[in-house]
>>> print(open('entry.cif').read())   # mmCIF, C-alpha atoms
data_entry
loop_
_atom_site.group_PDB
_atom_site.id
_atom_site.type_symbol
_atom_site.label_atom_id
_atom_site.label_comp_id
_atom_site.auth_asym_id
_atom_site.auth_seq_id
_atom_site.Cartn_x
_atom_site.Cartn_y
_atom_site.Cartn_z
ATOM 1 C CA MET A 11 -210.627 87.919 -35.139
ATOM 2 C CA SER A 12 -209.419 85.621 -32.363
ATOM 3 C CA SER A 13 -206.164 86.714 -30.735
ATOM 4 C CA PRO A 14 -203.109 84.586 -31.596
ATOM 5 C CA GLN A 15 -200.953 83.313 -28.762
ATOM 6 C CA LEU A 16 -197.156 83.181 -28.815
ATOM 7 C CA GLN A 17 -195.773 80.392 -26.647
ATOM 8 C CA GLN A 18 -192.057 79.896 -25.988
ATOM 9 C CA LEU A 19 -191.101 76.218 -26.069
ATOM 10 C CA ALA A 20 -187.307 76.450 -25.789
ATOM 11 C CA GLU A 21 -184.638 79.084 -26.250
ATOM 12 C CA GLY A 22 -185.352 80.608 -29.651
ATOM 13 C CA VAL A 23 -188.301 78.305 -30.364
ATOM 14 C CA TYR A 24 -191.905 79.516 -30.345
ATOM 15 C CA ALA A 25 -195.332 78.205 -31.252
ATOM 16 C CA TYR A 26 -197.728 80.699 -32.806
ATOM 17 C CA VAL A 27 -201.183 79.374 -31.934
ATOM 18 C CA GLN A 28 -204.400 80.721 -33.464
ATOM 19 C CA PRO A 29 -207.464 79.806 -31.373
ATOM 20 C CA ASP A 30 -209.729 78.002 -31.638
ATOM 21 C CA GLY A 31 -207.920 75.875 -34.208
ATOM 22 C CA GLY A 32 -210.951 75.290 -36.431
ATOM 23 C CA TRP A 33 -211.106 75.667 -40.199
ATOM 24 C CA CYS A 34 -208.245 77.880 -41.469
ATOM 25 C CA LEU A 35 -207.076 78.835 -37.962
ATOM 26 C CA ASN A 36 -203.723 77.086 -38.174
ATOM 27 C CA ASN A 37 -200.590 77.218 -36.059
ATOM 28 C CA ALA A 38 -197.134 78.356 -37.135
ATOM 29 C CA GLY A 39 -193.658 78.182 -35.642
ATOM 30 C CA ILE A 40 -190.839 80.656 -35.117
ATOM 31 C CA ILE A 41 -187.237 79.464 -34.809
ATOM 32 C CA THR A 42 -184.559 82.066 -34.174
ATOM 33 C CA SER A 43 -180.887 81.856 -33.189
ATOM 34 C CA GLY A 44 -178.081 84.351 -33.652
ATOM 35 C CA ASP A 45 -178.496 86.131 -36.974
ATOM 36 C CA SER A 46 -180.932 83.571 -38.406
ATOM 37 C CA THR A 47 -184.712 83.138 -38.212
ATOM 38 C CA ALA A 48 -187.062 80.654 -39.873
ATOM 39 C CA LEU A 49 -190.805 80.083 -39.909
ATOM 40 C CA VAL A 50 -192.795 76.889 -39.979
ATOM 41 C CA ASP A 51 -195.878 77.722 -42.082
ATOM 42 C CA THR A 52 -197.582 81.108 -42.339
ATOM 43 C CA ALA A 53 -201.317 81.916 -42.176
ATOM 44 C CA ALA A 54 -204.489 81.962 -44.252
ATOM 45 C CA THR A 55 -205.150 85.658 -44.761
ATOM 46 C CA GLU A 56 -203.061 88.739 -45.363
ATOM 47 C CA ALA A 57 -204.160 90.244 -42.050
ATOM 48 C CA ARG A 58 -203.248 87.108 -40.104
ATOM 49 C CA ALA A 59 -199.880 86.824 -41.853
ATOM 50 C CA LEU A 60 -199.141 90.432 -40.917
ATOM 51 C CA LEU A 61 -199.951 89.594 -37.291
ATOM 52 C CA LEU A 62 -197.520 86.671 -37.532
ATOM 53 C CA ARG A 63 -194.879 89.070 -38.851
ATOM 54 C CA GLU A 64 -195.437 91.303 -35.820
ATOM 55 C CA ALA A 65 -195.067 88.280 -33.544
ATOM 56 C CA VAL A 66 -191.715 87.491 -35.162
ATOM 57 C CA ARG A 67 -190.590 91.077 -34.601
ATOM 58 C CA SER A 68 -191.581 90.807 -30.946
ATOM 59 C CA VAL A 69 -188.989 88.078 -30.306
ATOM 60 C CA THR A 70 -186.198 88.912 -32.757
ATOM 61 C CA PRO A 71 -185.032 91.805 -34.932
ATOM 62 C CA VAL A 72 -183.902 89.286 -37.540
ATOM 63 C CA PRO A 73 -186.539 88.707 -40.238
ATOM 64 C CA PRO A 74 -187.113 85.147 -41.456
ATOM 65 C CA SER A 75 -184.682 83.974 -44.101
ATOM 66 C CA HIS A 76 -186.614 80.737 -44.645
ATOM 67 C CA VAL A 77 -190.238 79.601 -44.499
ATOM 68 C CA VAL A 78 -190.973 75.876 -44.345
ATOM 69 C CA ASN A 79 -194.412 74.833 -45.615
ATOM 70 C CA THR A 80 -195.591 71.576 -44.039
ATOM 71 C CA HIS A 81 -198.163 70.962 -46.796
ATOM 72 C CA PHE A 82 -200.004 72.803 -49.540
ATOM 73 C CA HIS A 83 -203.280 73.852 -47.875
ATOM 74 C CA GLY A 84 -203.947 77.574 -48.092
ATOM 75 C CA ASP A 85 -204.195 78.240 -44.373
ATOM 76 C CA HIS A 86 -200.551 77.200 -44.046
ATOM 77 C CA VAL A 87 -199.149 78.813 -47.201
ATOM 78 C CA PHE A 88 -201.238 81.794 -48.336
ATOM 79 C CA GLY A 89 -199.241 84.113 -46.057
ATOM 80 C CA ASN A 90 -195.911 83.206 -47.683
ATOM 81 C CA PHE A 91 -195.971 86.425 -49.717
ATOM 82 C CA VAL A 92 -195.716 88.562 -46.577
ATOM 83 C CA PHE A 93 -192.256 87.076 -45.926
ATOM 84 C CA ALA A 94 -190.974 85.976 -49.351
ATOM 85 C CA PRO A 95 -189.045 87.612 -50.794
ATOM 86 C CA PRO A 96 -186.624 88.071 -49.138
ATOM 87 C CA ALA A 97 -187.316 84.784 -47.324
ATOM 88 C CA THR A 98 -186.855 81.534 -49.244
ATOM 89 C CA VAL A 99 -189.757 79.069 -49.103
ATOM 90 C CA ILE A 100 -188.932 75.371 -48.629
ATOM 91 C CA ALA A 101 -191.259 72.372 -48.976
ATOM 92 C CA HIS A 102 -191.425 68.826 -50.241
ATOM 93 C CA ARG A 103 -191.401 68.693 -54.025
ATOM 94 C CA GLY A 104 -194.900 67.196 -54.032
ATOM 95 C CA THR A 105 -196.128 70.079 -51.905
ATOM 96 C CA ARG A 106 -194.849 72.582 -54.449
ATOM 97 C CA ALA A 107 -196.657 70.729 -57.238
ATOM 98 C CA ASP A 108 -199.888 70.604 -55.236
ATOM 99 C CA MET A 109 -199.626 74.298 -54.370
ATOM 100 C CA ALA A 110 -199.225 75.178 -58.027
ATOM 101 C CA THR A 111 -202.275 73.099 -58.938
ATOM 102 C CA ALA A 112 -204.494 74.359 -56.109
ATOM 103 C CA GLY A 113 -203.525 78.009 -56.442
ATOM 104 C CA LEU A 114 -205.763 80.241 -54.344
ATOM 105 C CA SER A 115 -208.788 77.976 -54.717
ATOM 106 C CA MET A 116 -209.344 77.672 -50.960
ATOM 107 C CA ALA A 117 -210.317 81.334 -50.876
ATOM 108 C CA GLY A 118 -213.234 80.520 -53.178
ATOM 109 C CA ILE A 119 -214.696 78.023 -50.692
ATOM 110 C CA TRP A 120 -215.316 80.753 -48.110
ATOM 111 C CA PRO A 121 -215.908 83.956 -50.123
ATOM 112 C CA SER A 122 -217.106 85.863 -47.045
ATOM 113 C CA VAL A 123 -213.644 85.675 -45.439
ATOM 114 C CA SER A 124 -211.481 88.806 -45.761
ATOM 115 C CA TRP A 125 -208.553 87.096 -47.435
ATOM 116 C CA GLY A 126 -206.741 90.304 -48.380
ATOM 117 C CA ASP A 127 -204.640 90.909 -51.467
ATOM 118 C CA LEU A 128 -203.198 87.411 -51.686
ATOM 119 C CA SER A 129 -200.317 86.456 -53.948
ATOM 120 C CA LEU A 130 -199.258 82.809 -54.102
ATOM 121 C CA VAL A 131 -195.537 82.238 -53.487
ATOM 122 C CA LEU A 132 -194.375 78.721 -54.326
ATOM 123 C CA PRO A 133 -191.395 77.026 -52.653
ATOM 124 C CA SER A 134 -188.147 77.757 -54.468
ATOM 125 C CA ILE A 135 -186.277 74.965 -52.671
ATOM 126 C CA THR A 136 -187.742 71.456 -52.558
ATOM 127 C CA TYR A 137 -186.547 68.141 -51.178
ATOM 128 C CA SER A 138 -187.505 64.471 -51.587
ATOM 129 C CA SER A 139 -186.956 62.555 -48.346
ATOM 130 C CA SER A 140 -185.318 64.747 -45.728
ATOM 131 C CA MET A 141 -183.129 67.790 -45.375
ATOM 132 C CA THR A 142 -181.439 69.739 -42.615
ATOM 133 C CA LEU A 143 -181.946 73.447 -42.033
ATOM 134 C CA HIS A 144 -179.488 75.211 -39.737
ATOM 135 C CA VAL A 145 -181.083 78.192 -38.027
ATOM 136 C CA GLY A 146 -178.109 79.681 -36.227
ATOM 137 C CA SER A 147 -177.183 77.031 -33.668
ATOM 138 C CA ILE A 148 -180.559 75.281 -33.918
ATOM 139 C CA VAL A 149 -180.737 72.183 -36.112
ATOM 140 C CA ALA A 150 -184.100 71.666 -37.808
ATOM 141 C CA GLU A 151 -184.700 68.337 -39.538
ATOM 142 C CA LEU A 152 -187.315 68.380 -42.306
ATOM 143 C CA ILE A 153 -188.790 64.902 -42.790
ATOM 144 C CA HIS A 154 -191.267 63.830 -45.444
ATOM 145 C CA PHE A 155 -194.279 61.633 -44.723
ATOM 146 C CA GLY A 156 -197.221 60.637 -46.838
ATOM 147 C CA PRO A 157 -199.743 59.907 -47.949
ATOM 148 C CA ALA A 158 -201.159 60.933 -44.574
ATOM 149 C CA HIS A 159 -202.910 64.288 -44.136
ATOM 150 C CA THR A 160 -202.091 65.016 -47.783
ATOM 151 C CA SER A 161 -200.042 63.174 -50.367
ATOM 152 C CA ASP A 162 -196.858 64.848 -49.144
ATOM 153 C CA ASP A 163 -196.426 66.211 -45.617
ATOM 154 C CA THR A 164 -193.411 67.654 -43.839
ATOM 155 C CA VAL A 165 -192.625 67.711 -40.132
ATOM 156 C CA VAL A 166 -189.959 69.957 -38.634
ATOM 157 C CA TRP A 167 -188.057 68.163 -35.882
ATOM 158 C CA LEU A 168 -185.723 69.945 -33.493
ATOM 159 C CA PRO A 169 -183.835 67.037 -31.903
ATOM 160 C CA GLU A 170 -181.873 69.046 -29.325
ATOM 161 C CA GLN A 171 -185.004 70.834 -28.092
ATOM 162 C CA GLU A 172 -187.194 67.727 -28.510
ATOM 163 C CA VAL A 173 -189.811 69.876 -30.239
ATOM 164 C CA LEU A 174 -191.814 68.603 -33.210
ATOM 165 C CA PHE A 175 -193.836 70.808 -35.546
ATOM 166 C CA THR A 176 -196.277 68.292 -37.026
ATOM 167 C CA GLY A 177 -198.279 70.348 -39.492
ATOM 168 C CA ASP A 178 -201.735 68.849 -39.903
ATOM 169 C CA LEU A 179 -200.558 65.300 -39.327
ATOM 170 C CA VAL A 180 -201.622 65.985 -35.755
ATOM 171 C CA MET A 181 -204.363 68.300 -34.508
ATOM 172 C CA SER A 182 -205.225 69.171 -30.939
ATOM 173 C CA GLY A 183 -208.894 69.368 -30.061
ATOM 174 C CA ALA A 184 -209.820 69.228 -33.740
ATOM 175 C CA THR A 185 -210.898 66.290 -35.887
ATOM 176 C CA PRO A 186 -208.102 64.631 -37.904
ATOM 177 C CA PHE A 187 -208.495 65.079 -41.658
ATOM 178 C CA CYS A 188 -207.468 62.577 -44.327
ATOM 179 C CA MET A 189 -209.594 63.695 -47.289
ATOM 180 C CA MET A 190 -206.517 64.305 -49.454
ATOM 181 C CA GLY A 191 -204.296 61.669 -47.894
ATOM 182 C CA SER A 192 -204.805 58.304 -46.220
ATOM 183 C CA VAL A 193 -206.200 56.955 -42.961
ATOM 184 C CA ALA A 194 -203.843 53.964 -42.963
ATOM 185 C CA GLY A 195 -200.965 56.143 -44.130
ATOM 186 C CA LEU A 196 -201.486 58.584 -41.288
ATOM 187 C CA LEU A 197 -201.575 55.714 -38.802
ATOM 188 C CA ASP A 198 -198.225 54.493 -40.141
ATOM 189 C CA THR A 199 -196.862 58.028 -39.918
ATOM 190 C CA LEU A 200 -197.902 58.389 -36.286
ATOM 191 C CA GLY A 201 -195.857 55.300 -35.480
ATOM 192 C CA GLU A 202 -192.814 56.860 -37.110
ATOM 193 C CA LEU A 203 -193.337 60.176 -35.326
ATOM 194 C CA ARG A 204 -193.500 58.371 -31.999
ATOM 195 C CA LYS A 205 -189.986 57.020 -32.629
ATOM 196 C CA LEU A 206 -188.572 60.559 -32.699
ATOM 197 C CA GLY A 207 -189.214 60.891 -28.982
ATOM 198 C CA ALA A 208 -190.545 64.455 -29.009
ATOM 199 C CA ARG A 209 -191.544 65.917 -25.662
ATOM 200 C CA THR A 210 -193.411 68.884 -27.157
ATOM 201 C CA LEU A 211 -195.663 68.745 -30.208
ATOM 202 C CA VAL A 212 -196.915 71.795 -32.074
ATOM 203 C CA PRO A 213 -199.956 70.523 -33.977
ATOM 204 C CA GLY A 214 -201.247 72.092 -37.162
ATOM 205 C CA HIS A 215 -204.328 73.304 -35.294
ATOM 206 C CA GLY A 216 -205.149 73.655 -31.607
ATOM 207 C CA PRO A 217 -203.159 73.882 -28.374
ATOM 208 C CA VAL A 218 -199.552 72.718 -28.022
ATOM 209 C CA GLY A 219 -199.301 69.322 -26.354
ATOM 210 C CA GLY A 220 -197.149 66.307 -25.680
ATOM 211 C CA PRO A 221 -196.858 62.733 -27.001
ATOM 212 C CA SER A 222 -200.442 62.014 -25.947
ATOM 213 C CA LEU A 223 -201.571 63.937 -29.045
ATOM 214 C CA LEU A 224 -200.169 61.088 -31.137
ATOM 215 C CA GLU A 225 -202.194 58.543 -29.160
ATOM 216 C CA GLU A 226 -205.379 60.588 -29.401
ATOM 217 C CA THR A 227 -205.038 60.887 -33.167
ATOM 218 C CA GLU A 228 -204.248 57.196 -33.470
ATOM 219 C CA HIS A 229 -207.307 56.162 -31.444
ATOM 220 C CA TYR A 230 -209.587 58.305 -33.613
ATOM 221 C CA LEU A 231 -208.212 56.810 -36.831
ATOM 222 C CA LEU A 232 -208.506 53.253 -35.524
ATOM 223 C CA ARG A 233 -212.141 54.005 -34.721
ATOM 224 C CA ILE A 234 -212.624 55.269 -38.286
ATOM 225 C CA GLN A 235 -211.233 52.018 -39.658
ATOM 226 C CA GLN A 236 -213.505 49.994 -37.374
ATOM 227 C CA LEU A 237 -216.561 52.007 -38.454
ATOM 228 C CA ALA A 238 -215.621 51.554 -42.108
ATOM 229 C CA ARG A 239 -215.520 47.785 -41.734
ATOM 230 C CA GLU A 240 -218.895 47.828 -39.974
ATOM 231 C CA GLY A 241 -220.397 50.153 -42.563
ATOM 232 C CA LEU A 242 -219.237 48.049 -45.471
ATOM 233 C CA ALA A 243 -220.640 44.918 -43.842
ATOM 234 C CA ALA A 244 -223.984 46.672 -43.326
ATOM 235 C CA GLY A 245 -224.111 48.014 -46.888
ATOM 236 C CA LEU A 246 -224.127 51.645 -45.767
ATOM 237 C CA THR A 247 -222.519 54.527 -47.632
ATOM 238 C CA PRO A 248 -220.010 56.622 -45.684
ATOM 239 C CA LEU A 249 -222.553 59.444 -45.414
ATOM 240 C CA GLU A 250 -225.265 57.088 -44.163
ATOM 241 C CA LEU A 251 -222.874 55.571 -41.650
ATOM 242 C CA ALA A 252 -221.737 58.987 -40.450
ATOM 243 C CA ARG A 253 -225.335 59.931 -39.705
ATOM 244 C CA GLU A 254 -225.866 56.773 -37.671
ATOM 245 C CA ALA A 255 -222.529 56.338 -35.937
ATOM 246 C CA PRO A 256 -222.252 57.759 -32.399
ATOM 247 C CA LEU A 257 -219.182 59.999 -32.118
ATOM 248 C CA GLY A 258 -218.736 59.178 -28.436
ATOM 249 C CA GLU A 259 -215.541 60.655 -27.023
ATOM 250 C CA TYR A 260 -214.874 62.433 -30.337
ATOM 251 C CA ALA A 261 -218.134 64.404 -30.325
ATOM 252 C CA GLY A 262 -216.409 67.363 -28.716
ATOM 253 C CA LEU A 263 -213.709 67.715 -31.375
ATOM 254 C CA LEU A 264 -213.910 70.735 -33.643
ATOM 255 C CA ASP A 265 -215.015 70.189 -37.241
ATOM 256 C CA SER A 266 -216.592 66.785 -36.635
ATOM 257 C CA GLU A 267 -217.993 66.821 -40.199
ATOM 258 C CA ARG A 268 -214.588 65.587 -41.353
ATOM 259 C CA LEU A 269 -215.892 62.198 -40.293
ATOM 260 C CA VAL A 270 -217.495 61.749 -43.720
ATOM 261 C CA PRO A 271 -214.413 62.121 -45.984
ATOM 262 C CA ASN A 272 -212.345 60.210 -43.430
ATOM 263 C CA LEU A 273 -214.823 57.336 -43.726
ATOM 264 C CA ARG A 274 -214.776 57.591 -47.517
ATOM 265 C CA ARG A 275 -210.998 57.132 -47.431
ATOM 266 C CA ALA A 276 -211.224 54.258 -44.977
ATOM 267 C CA TYR A 277 -213.884 52.546 -47.100
ATOM 268 C CA ALA A 278 -211.663 52.751 -50.175
ATOM 269 C CA GLU A 279 -208.658 51.406 -48.297
ATOM 270 C CA GLU A 280 -210.658 48.530 -46.832
ATOM 271 C CA GLN A 281 -211.610 47.642 -50.410
ATOM 272 C CA GLY A 282 -207.988 47.573 -51.543
ATOM 273 C CA ALA A 283 -207.405 51.086 -52.824
ATOM 274 C CA VAL A 284 -203.825 52.286 -53.092
ATOM 275 C CA LEU A 285 -203.066 54.540 -50.150
ATOM 276 C CA GLY A 286 -203.432 58.162 -51.158
ATOM 277 C CA GLU A 287 -205.057 57.471 -54.511
ATOM 278 C CA GLN A 288 -206.738 60.488 -56.064
ATOM 279 C CA MET A 289 -210.404 60.884 -55.206
ATOM 280 C CA ASP A 290 -212.983 63.470 -56.217
ATOM 281 C CA VAL A 291 -212.257 66.108 -53.574
ATOM 282 C CA VAL A 292 -215.195 68.259 -54.692
ATOM 283 C CA GLU A 293 -217.551 65.322 -54.177
ATOM 284 C CA LEU A 294 -216.026 64.479 -50.792
ATOM 285 C CA PHE A 295 -216.243 68.076 -49.635
ATOM 286 C CA GLY A 296 -219.830 68.205 -50.822
ATOM 287 C CA GLU A 297 -220.739 65.162 -48.716
ATOM 288 C CA MET A 298 -219.123 66.821 -45.727
ATOM 289 C CA VAL A 299 -221.183 69.968 -46.287
ATOM 290 C CA GLU A 300 -224.343 67.875 -46.613
ATOM 291 C CA TYR A 301 -223.595 66.093 -43.337
ATOM 292 C CA HIS A 302 -222.912 69.409 -41.611
ATOM 293 C CA GLY A 303 -226.106 70.942 -42.973
ATOM 294 C CA GLY A 304 -224.257 73.743 -44.735
ATOM 295 C CA LEU A 305 -220.779 75.082 -45.288
ATOM 296 C CA PRO A 306 -218.644 74.635 -42.155
ATOM 297 C CA PRO A 307 -217.722 77.994 -40.600
ATOM 298 C CA CYS A 308 -214.319 79.478 -41.334
ATOM 299 C CA ARG A 309 -213.335 82.283 -38.972
ATOM 300 C CA ALA A 310 -210.032 83.177 -40.580
#
>>> encode(input="entry.cif", output="structure tokens")
Amino acid sequence: MSSPQLQQLAEGVYAYVQPDGGWCLNNAGIITSGDSTALVDTAATEARALLLREAVRSVTPVPPSHVVNTHFHGDHVFGNFVFAPPATVIAHRGTRADMATAGLSMAGIWPSVSWGDLSLVLPSITYSSSMTLHVGSIVAELIHFGPAHTSDDTVVWLPEQEVLFTGDLVMSGATPFCMMGSVAGLLDTLGELRKLGARTLVPGHGPVGGPSLLEETEHYLLRIQQLAREGLAAGLTPLELAREAPLGEYAGLLDSERLVPNLRRAYAEEQGAVLGEQMDVVELFGEMVEYHGGLPPCRA
């Protein structure tokens, strides 16, 4: 198991980074002030969630009273049960619905992973557009975006500290992923995130960074849209195009196989699909596995 890293970003604000940021190795956040503590996301496995709990205890004696889930994917929510109850889980209402539908299905994709004795804890508080969470003296703004990474994503914005927890809307050193969301929608979202003026970004995966992470994600997605237009003109399927297209500067990103479902989304949007429309996720994941030459590794 790779060793998580706890990084202080401001007084009472920490990023919990799990290297190397590949499949299921997500980041979380700890916000603590006075007699209040909150988490941004948890972790994929029981063991990793317990390590996150120890990290919280290393910076504050106050256990989390709230957990904010940025989206429904298991690596960000499976560890909820380690903290809730007594913590209250908060998410967008669409995220709660997606969590209930998905259940623990992610664990079935990688059966060799030691997931632990998981128990799914759904959000008990949901919101529609935005809400404010007061963690002691720290103001945390929860803002909904989507479709982008998924149909319904949440960022946690700390305006006084100029820190933004992006969830998987932004990844650092890892390939962006729009299989369950929208390429164009994520591009629109990046423009809105830029307006917040964050100095520090905690991505869903990979090292903490600055505003340049928004630009890097944007450039990748624009390239995906360009490739989709070229592929459609050439009569190639997304999988065929992915096998031919040079990755160039993006070749070094983790989990490059996400290129295939990203192209599938971009193809559909170029052909007039509604942003975020439901697609056969099993089929898309299967194409990604075929491109990779087997199931991508998950080291959770």
>>> atom_distance(input="entry.cif", atom1="atom CA of Pro217 of chain A", atom2="atom CA of Gly31 of chain A")
7.8 Å
>>> resolve_selection(input="entry.cif", expression="the PyMOL selection byres ((chain A and resi 234) around 9)", output="list in words")
Val193, His229, Tyr230, Leu231, Leu232, Arg233, Gln235, Gln236, Leu237, Ala238, Arg239, Leu269, Asn272, Leu273 and Ala276 of chain A
>>> atom_distance(input="entry.cif", atom1="atom CA of Thr98 of chain A", atom2="atom CA of Ala48 of chain A")
9.4 Å
>>> resolve_selection(input="entry.cif", expression="the PyMOL selection byres ((chain A and resi 26) around 10)", output="list in words")
Pro14, Gln15, Leu16, Gln17, Gln18, Tyr24, Ala25, Val27, Gln28, Pro29, Asn36, Asn37, Ala38, Gly39, Ile40, Leu49, Val50, Asp51, Thr52, Leu62, Ala65, Val66, Val212, Pro217 and Val218 of chain A
>>> closest_residue(input="entry.cif", among="A:Thr80, A:Thr105, A:Asn90, A:Ser147", to="Thr47 of chain A", atoms="all atoms listed in the file")
A:Ser147
>>> resolve_selection(input="entry.cif", expression="the PyMOL selection byres ((chain A and resi 308) around 7)", output="list in words")
Trp33, Cys34, Trp120, Pro306, Pro307, Arg309 and Ala310 of chain A
>>> residues_around(input="entry.cif", residues="His76 of chain A", least_positions_apart="6", cutoff="10 Å", atoms="all atoms listed in the file", output="list in words")
Ile41, Ser46, Thr47, Ala48, Leu49, Val50, Phe93, Ala94, Pro95, Pro96, Ala97, Thr98, Val99, Ile100, Ile135, Leu143 and Val145 of chain A
>>> residues_around(input="entry.cif", residues="segment 171-184 of chain A", least_positions_apart="5", cutoff="7 Å", atoms="only C-alpha atoms", output="CSV table (one decimal) with C-alpha atoms, in the frame of the given file")
chain,number,residue,atom,x,y,z
A,20,ALA,CA,-187.3,76.4,-25.8
A,31,GLY,CA,-207.9,75.9,-34.2
A,32,GLY,CA,-211.0,75.3,-36.4
A,80,THR,CA,-195.6,71.6,-44.0
A,158,ALA,CA,-201.2,60.9,-44.6
A,159,HIS,CA,-202.9,64.3,-44.1
A,165,VAL,CA,-192.6,67.7,-40.1
A,166,VAL,CA,-190.0,70.0,-38.6
A,208,ALA,CA,-190.5,64.5,-29.0
A,209,ARG,CA,-191.5,65.9,-25.7
A,210,THR,CA,-193.4,68.9,-27.2
A,211,LEU,CA,-195.7,68.7,-30.2
A,212,VAL,CA,-196.9,71.8,-32.1
A,213,PRO,CA,-200.0,70.5,-34.0
A,214,GLY,CA,-201.2,72.1,-37.2
A,215,HIS,CA,-204.3,73.3,-35.3
A,216,GLY,CA,-205.1,73.7,-31.6
A,217,PRO,CA,-203.2,73.9,-28.4
A,223,LEU,CA,-201.6,63.9,-29.0
A,224,LEU,CA,-200.2,61.1,-31.1
A,227,THR,CA,-205.0,60.9,-33.2
A,263,LEU,CA,-213.7,67.7,-31.4
A,264,LEU,CA,-213.9,70.7,-33.6
A,265,ASP,CA,-215.0,70.2,-37.2
>>> closest_residue(input="entry.cif", among="A:Ala53, A:Val23, A:Leu152, A:Leu114", to="Val78 of chain A", atoms="all atoms listed in the file")
A:Leu152
>>> atom_distance(input="entry.cif", atom1="atom CA of Gly195 of chain A", atom2="atom CA of Gly262 of chain A")
24.5 Å
>>> residues_around(input="entry.cif", residues="Gly286 of chain A", least_positions_apart="6", cutoff="8 Å", atoms="all atoms listed in the file", output="number ranges by chain")
A: 156-158, 160-161, 190-192, 195
>>> write_last_selection(input="entry.cif", atoms="C-alpha atoms", output="compact mmCIF listing (two decimals), in the frame of the given file")
# COMPACT_ATOMS: atom_id res chain seq x y z
CA GLY A 156 -197.22 60.64 -46.84
CA PRO A 157 -199.74 59.91 -47.95
CA ALA A 158 -201.16 60.93 -44.57
CA THR A 160 -202.09 65.02 -47.78
CA SER A 161 -200.04 63.17 -50.37
CA MET A 190 -206.52 64.31 -49.45
CA GLY A 191 -204.30 61.67 -47.89
CA SER A 192 -204.80 58.30 -46.22
CA GLY A 195 -200.96 56.14 -44.13
>>> closest_residue(input="entry.cif", among="A:Asp108, A:Ala261, A:Gly146, A:Leu285", to="Ser75 of chain A", atoms="all atoms listed in the file")
A:Gly146
>>> residues_near_point(input="entry.cif", point="(-200.5, 88.5, -50.7)", cutoff="12 Å", atoms="all atoms listed in the file", output="number ranges by chain")
A: 52-60, 84, 87-95, 114, 125-131
>>> residues_near_point(input="entry.cif", point="(-215.4, 65.4, -53.6)", cutoff="12 Å", atoms="all atoms listed in the file", output="short mmCIF file (atom, residue, chain, number, x, y, z; two decimals) with C-alpha atoms, in the coordinates of the input")
data_model
loop_
_atom_site.label_atom_id
_atom_site.label_comp_id
_atom_site.auth_asym_id
_atom_site.auth_seq_id
_atom_site.Cartn_x
_atom_site.Cartn_y
_atom_site.Cartn_z
CA MET A 189 -209.59 63.70 -47.29
CA MET A 190 -206.52 64.31 -49.45
CA VAL A 270 -217.50 61.75 -43.72
CA PRO A 271 -214.41 62.12 -45.98
CA ASN A 272 -212.34 60.21 -43.43
CA ARG A 274 -214.78 57.59 -47.52
CA ARG A 275 -211.00 57.13 -47.43
CA GLN A 288 -206.74 60.49 -56.06
CA MET A 289 -210.40 60.88 -55.21
CA ASP A 290 -212.98 63.47 -56.22
CA VAL A 291 -212.26 66.11 -53.57
CA VAL A 292 -215.20 68.26 -54.69
CA GLU A 293 -217.55 65.32 -54.18
CA LEU A 294 -216.03 64.48 -50.79
CA PHE A 295 -216.24 68.08 -49.64
CA GLY A 296 -219.83 68.20 -50.82
CA GLU A 297 -220.74 65.16 -48.72
CA MET A 298 -219.12 66.82 -45.73
CA VAL A 299 -221.18 69.97 -46.29
CA GLU A 300 -224.34 67.88 -46.61
#
>>> closest_residue(input="entry.cif", among="A:Ile148, A:Ala110, A:Val69, A:Val284", to="Phe82 of chain A", atoms="all atoms listed in the file")
A:Ala110
>>> residues_around(input="entry.cif", residues="Gly201 of chain A", least_positions_apart="3", cutoff="12 Å", atoms="only C-alpha atoms", output="PyMOL selection string")
chain A and resi 155+158+179+194-198+204-207+221+224-225+227-228
>>> build_atoms(input="entry.cif", residues="segment 287-295 of chain A", atoms="N, CA and C atoms", output="tab-separated table (two decimals), in the frame of the given file")
chain	number	residue	atom	x	y	z
A	287	GLU	N	-204.61	57.33	-53.13
A	287	GLU	CA	-205.06	57.47	-54.51
A	287	GLU	C	-205.97	58.69	-54.65
A	288	GLN	N	-205.94	59.30	-55.83
A	288	GLN	CA	-206.74	60.49	-56.06
A	288	GLN	C	-208.22	60.16	-56.00
A	289	MET	N	-208.96	61.00	-55.29
A	289	MET	CA	-210.40	60.88	-55.21
A	289	MET	C	-211.01	62.23	-55.56
A	290	ASP	N	-212.30	62.24	-55.83
A	290	ASP	CA	-212.98	63.47	-56.22
A	290	ASP	C	-213.16	64.34	-54.97
A	291	VAL	N	-212.25	65.28	-54.78
A	291	VAL	CA	-212.26	66.11	-53.57
A	291	VAL	C	-213.51	66.97	-53.51
A	292	VAL	N	-213.98	67.45	-54.67
A	292	VAL	CA	-215.20	68.26	-54.69
A	292	VAL	C	-216.39	67.44	-54.19
A	293	GLU	N	-216.46	66.20	-54.62
A	293	GLU	CA	-217.55	65.32	-54.18
A	293	GLU	C	-217.43	65.05	-52.67
A	294	LEU	N	-216.23	64.76	-52.21
A	294	LEU	CA	-216.03	64.48	-50.79
A	294	LEU	C	-216.37	65.69	-49.94
A	295	PHE	N	-215.95	66.87	-50.39
A	295	PHE	CA	-216.24	68.08	-49.64
A	295	PHE	C	-217.75	68.33	-49.63
